[in-house]
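These notes are about the structure you will find just below.
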Amino acid sequence: MVGRAPIVAELNREVGAATDLFSRTIERVKLIEYKQALKLHNPIHFDAAAARALGYRDVVAPLGFVISFTVIPREVKLSTFGIDEKRSLAGGMAFETLQPICAGDTLTGRCVLKGARHKDGKRPMTILRFETRFTNQLEEPVLVVSDTTLEMGS
Amino acid sequence: LRNTPPPTRECPIITRVDIAWVCVATDDPSPLHLDDAYAHEAGHPSVIVPGTLLLGWVGQFLEDWAGDPGNVESWDIRFQSPIWPGEQVTLVGELLEGANGADDTVGVVRATTRDGREVGLANVRFCASRSEGRVAP
């Protein structure tokens with residue numbers, strides 16, 4: 001049986017490994033879809049006049065809308081870090097909000113592996129910690145997203 | 001910034017249509033959320049509700065608490081247990097430190113299902129002064 005550590009090494013899971021840099025413009029239509037899907041009620045996410053009344057440039061991305069997969073293509077993140085999607089669960093996320101993100105903003109970032117460790121026990125798993133730092137079209141830092149993926153089993 | 005957390009919130013019962021919509025809205029085509037057969041192969045009793053659904057609901061709860069999303073300085077959430085279609089989540093907030101209008105106010109939000117299972121725990125730090133200087137364009 002192959003030990004866990006060599007498998008992790010083969011999957012290029014060194015701390016600091018990263019995806020390429022990706023950019024994506026936050027589209028108004030995606031904010032509307034998100035609002036409808038989650039039945040959100042705050043008008044600043046879909047009514048530009050309401051957003052401007054609070055001093056925003058345009059409709060605002062809701063808290064939790066921008067995660068790493070919003071900009072980094074899912075298949076890129078999975079393949080870069082060798083994540084087996086079938087065995088994976090989201091462990092958690094953390095957000096440091098630095099600037100508002102509005103419709104029309106173009107976000108740029110790369111996903112970096114910050115930690116990988118194996119946990120033994122009743123439910124063995126590999127815990128992968130990632131960080132994605134986003135800047136906007138003015139190259140201003142706007143958001144830091146940290147997320148944890150749990151890869152279950154051996 | 002409200003002096004107290006918003007009232008306890010009963011989120012809608014989660015349907016498979018809700019799940020499909022969230023997957024579309026977040027560009028998340030993972031079969032773990034959409035394909036029962038795939039989810040069974042992965043050892044789950046059914047498809048798993050995307051974490052982004054709970055993330056969005058907790059985000060909205062925090063916005064209501066903050067009065068303005070710009071007043072939320074940082075927050076995190078731990079997904080403690082999978083959520084399944086047909087379940088209903090309740091959100092309960094608790095102020096831990098700080099007071100109305102004060103910077104560095106800290107709180108938590110606990111997400112549980114109707115049978116009392118803890119499915120999410122969020123921590124938040126507010127900074128009420130962040131939205132004060134914003135001027136309408």
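Every chain in the structure tokens has a letter given in the order shown (A, B, ...), and although residue numbers restart at 1 in each chain, ligands are simply numbered from 1 in the order shown.
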
- Item | Selection near range 123-128 of chain B, 6 Å with only C-alpha atoms, sequence-local residues under 2 positions removed, as a list in words | Asn71, Val72, Glu73, Ser74, Trp75, Asp76, Gly101, Asp103, Asp104, Thr105, Val106, Gly107, Val108 and Arg130 of chain B

- Excluding same-chain residues fewer than 4 positions from Tyr38 in chain B, what lies within 12 Å of it counting only C-alpha atoms, as a ChimeraX atom specification? /A:85-87 /B:30-34,42-48

Dump N, CA and C atoms for the selected residues as a PDB file, in the first residue's frame?
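Result went into selection.pdb, see below:
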ATOM      1  N   GLU A  85     -12.852  15.429  -6.600  1.00  0.00           N
ATOM      2  CA  GLU A  85     -14.097  16.101  -6.247  1.00  0.00           C
ATOM      3  C   GLU A  85     -15.086  15.166  -5.551  1.00  0.00           C
ATOM      4  N   LYS A  86     -15.070  13.897  -5.970  1.00  0.00           N
ATOM      5  CA  LYS A  86     -16.049  12.955  -5.412  1.00  0.00           C
ATOM      6  C   LYS A  86     -15.823  12.738  -3.922  1.00  0.00           C
ATOM      7  N   ARG A  87     -14.578  12.874  -3.481  1.00  0.00           N
ATOM      8  CA  ARG A  87     -14.257  12.640  -2.064  1.00  0.00           C
ATOM      9  C   ARG A  87     -14.150  13.933  -1.266  1.00  0.00           C
TER      10      ARG A  87
ATOM     11  N   SER B  30     -20.893  20.912  -9.893  1.00  0.00           N
ATOM     12  CA  SER B  30     -20.467  19.673  -9.230  1.00  0.00           C
ATOM     13  C   SER B  30     -21.621  18.675  -9.164  1.00  0.00           C
ATOM     14  N   PRO B  31     -21.401  17.453  -9.652  1.00  0.00           N
ATOM     15  CA  PRO B  31     -22.454  16.437  -9.580  1.00  0.00           C
ATOM     16  C   PRO B  31     -22.809  16.049  -8.154  1.00  0.00           C
ATOM     17  N   LEU B  32     -21.953  16.376  -7.186  1.00  0.00           N
ATOM     18  CA  LEU B  32     -22.300  16.102  -5.786  1.00  0.00           C
ATOM     19  C   LEU B  32     -23.557  16.857  -5.363  1.00  0.00           C
ATOM     20  N   HIS B  33     -23.864  17.954  -6.082  1.00  0.00           N
ATOM     21  CA  HIS B  33     -25.044  18.751  -5.741  1.00  0.00           C
ATOM     22  C   HIS B  33     -26.239  18.442  -6.635  1.00  0.00           C
ATOM     23  N   LEU B  34     -25.997  17.682  -7.717  1.00  0.00           N
ATOM     24  CA  LEU B  34     -27.036  17.565  -8.739  1.00  0.00           C
ATOM     25  C   LEU B  34     -27.397  16.136  -9.121  1.00  0.00           C
ATOM     26  N   ALA B  42     -20.310   8.397  -3.942  1.00  0.00           N
ATOM     27  CA  ALA B  42     -19.372   9.096  -3.047  1.00  0.00           C
ATOM     28  C   ALA B  42     -19.678   8.811  -1.580  1.00  0.00           C
ATOM     29  N   GLY B  43     -20.728   8.005  -1.330  1.00  0.00           N
ATOM     30  CA  GLY B  43     -21.030   7.605   0.038  1.00  0.00           C
ATOM     31  C   GLY B  43     -22.054   8.463   0.747  1.00  0.00           C
ATOM     32  N   HIS B  44     -22.743   9.319   0.005  1.00  0.00           N
ATOM     33  CA  HIS B  44     -23.739  10.197   0.619  1.00  0.00           C
ATOM     34  C   HIS B  44     -25.151   9.657   0.369  1.00  0.00           C
ATOM     35  N   PRO B  45     -26.082   9.943   1.265  1.00  0.00           N
ATOM     36  CA  PRO B  45     -27.451   9.438   1.073  1.00  0.00           C
ATOM     37  C   PRO B  45     -28.187  10.111  -0.081  1.00  0.00           C
ATOM     38  N   SER B  46     -27.780  11.301  -0.444  1.00  0.00           N
ATOM     39  CA  SER B  46     -28.383  12.022  -1.577  1.00  0.00           C
ATOM     40  C   SER B  46     -27.413  13.115  -1.983  1.00  0.00           C
ATOM     41  N   VAL B  47     -27.837  13.950  -2.917  1.00  0.00           N
ATOM     42  CA  VAL B  47     -27.006  15.102  -3.255  1.00  0.00           C
ATOM     43  C   VAL B  47     -26.828  15.974  -2.002  1.00  0.00           C
ATOM     44  N   ILE B  48     -25.732  16.723  -1.982  1.00  0.00           N
ATOM     45  CA  ILE B  48     -25.421  17.609  -0.861  1.00  0.00           C
ATOM     46  C   ILE B  48     -25.814  19.038  -1.243  1.00  0.00           C
TER      47      ILE B  48
END

- Query: In chain A, what's strand (DSSP E) per DSSP? Answer as a ChimeraX atom specification?
  - Reply: /A:22-25,88-97,106-109,111-119,125-135,141-152

For the selection just defined, write its residues with C-alpha atoms to a file, as a PDB file, in the first residue's frame.
ATOM      1  CA  PHE A  22      -7.358  34.647 -13.640  1.00  0.00           C
ATOM      2  CA  SER A  23      -9.683  37.603 -14.124  1.00  0.00           C
ATOM      3  CA  ARG A  24     -13.442  37.896 -14.321  1.00  0.00           C
ATOM      4  CA  THR A  25     -15.842  40.785 -14.536  1.00  0.00           C
ATOM      5  CA  SER A  88     -14.260  16.329  -1.240  1.00  0.00           C
ATOM      6  CA  LEU A  89     -16.339  18.489   1.058  1.00  0.00           C
ATOM      7  CA  ALA A  90     -16.113  22.192   1.754  1.00  0.00           C
ATOM      8  CA  GLY A  91     -14.744  22.660   5.252  1.00  0.00           C
ATOM      9  CA  GLY A  92     -15.152  26.383   5.607  1.00  0.00           C
ATOM     10  CA  MET A  93     -14.394  29.825   4.253  1.00  0.00           C
ATOM     11  CA  ALA A  94     -13.105  33.112   5.603  1.00  0.00           C
ATOM     12  CA  PHE A  95     -13.367  36.583   4.109  1.00  0.00           C
ATOM     13  CA  GLU A  96     -11.460  39.797   4.685  1.00  0.00           C
ATOM     14  CA  THR A  97     -13.409  42.544   2.944  1.00  0.00           C
ATOM     15  CA  THR A 106     -13.054  43.067 -12.857  1.00  0.00           C
ATOM     16  CA  LEU A 107     -11.462  40.888 -10.203  1.00  0.00           C
ATOM     17  CA  THR A 108      -8.068  39.263 -10.609  1.00  0.00           C
ATOM     18  CA  GLY A 109      -6.494  36.643  -8.414  1.00  0.00           C
ATOM     19  CA  CYS A 111      -5.498  30.491  -5.667  1.00  0.00           C
ATOM     20  CA  VAL A 112      -2.525  29.550  -3.482  1.00  0.00           C
ATOM     21  CA  LEU A 113      -2.162  26.421  -1.365  1.00  0.00           C
ATOM     22  CA  LYS A 114      -1.382  27.570   2.170  1.00  0.00           C
ATOM     23  CA  GLY A 115      -1.401  24.213   3.901  1.00  0.00           C
ATOM     24  CA  ALA A 116      -1.957  20.477   3.387  1.00  0.00           C
ATOM     25  CA  ARG A 117      -2.090  17.939   6.150  1.00  0.00           C
ATOM     26  CA  HIS A 118      -3.431  14.477   6.664  1.00  0.00           C
ATOM     27  CA  LYS A 119      -5.660  13.703   9.610  1.00  0.00           C
ATOM     28  CA  MET A 125      -8.962  13.002   5.569  1.00  0.00           C
ATOM     29  CA  THR A 126      -6.577  15.397   3.912  1.00  0.00           C
ATOM     30  CA  ILE A 127      -7.190  19.012   4.845  1.00  0.00           C
ATOM     31  CA  LEU A 128      -6.219  21.549   2.203  1.00  0.00           C
ATOM     32  CA  ARG A 129      -6.129  25.271   3.002  1.00  0.00           C
ATOM     33  CA  PHE A 130      -6.199  27.830   0.193  1.00  0.00           C
ATOM     34  CA  GLU A 131      -6.013  31.590  -0.083  1.00  0.00           C
ATOM     35  CA  THR A 132      -7.080  33.819  -2.972  1.00  0.00           C
ATOM     36  CA  ARG A 133      -6.307  37.537  -2.899  1.00  0.00           C
ATOM     37  CA  PHE A 134      -8.434  39.575  -5.277  1.00  0.00           C
ATOM     38  CA  THR A 135      -7.659  42.969  -6.745  1.00  0.00           C
ATOM     39  CA  PRO A 141      -6.949  44.866  -3.022  1.00  0.00           C
ATOM     40  CA  VAL A 142     -10.647  44.197  -2.502  1.00  0.00           C
ATOM     41  CA  LEU A 143     -11.054  40.789  -0.896  1.00  0.00           C
ATOM     42  CA  VAL A 144      -9.082  37.944   0.626  1.00  0.00           C
ATOM     43  CA  VAL A 145     -10.823  34.569   0.580  1.00  0.00           C
ATOM     44  CA  SER A 146      -9.456  31.643   2.556  1.00  0.00           C
ATOM     45  CA  ASP A 147     -11.108  28.271   2.124  1.00  0.00           C
ATOM     46  CA  THR A 148     -10.644  24.739   3.343  1.00  0.00           C
ATOM     47  CA  THR A 149     -11.295  21.573   1.373  1.00  0.00           C
ATOM     48  CA  LEU A 150     -11.671  18.233   3.141  1.00  0.00           C
ATOM     49  CA  GLU A 151     -10.681  15.259   1.015  1.00  0.00           C
ATOM     50  CA  MET A 152     -12.171  12.239   2.713  1.00  0.00           C
TER      51      MET A 152
END

- Message: Nearest residue to Gly116 in chain B out of B:Thr90, B:Glu63, B:Pro82, B:Thr26, using only C-alpha atoms?
- Response: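 Looking at the shortest contact to Gly116 in chain B, the residue is B:Thr90.
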
- Mind the document's chain letters and residue numbers, and return as a PyMOL selection string the residues of range 7-135 of chain B that DSSP labels helix (DSSP H, G or I). chain B and resi 16-25+31-33+36-41+51-66+69-71+128-131
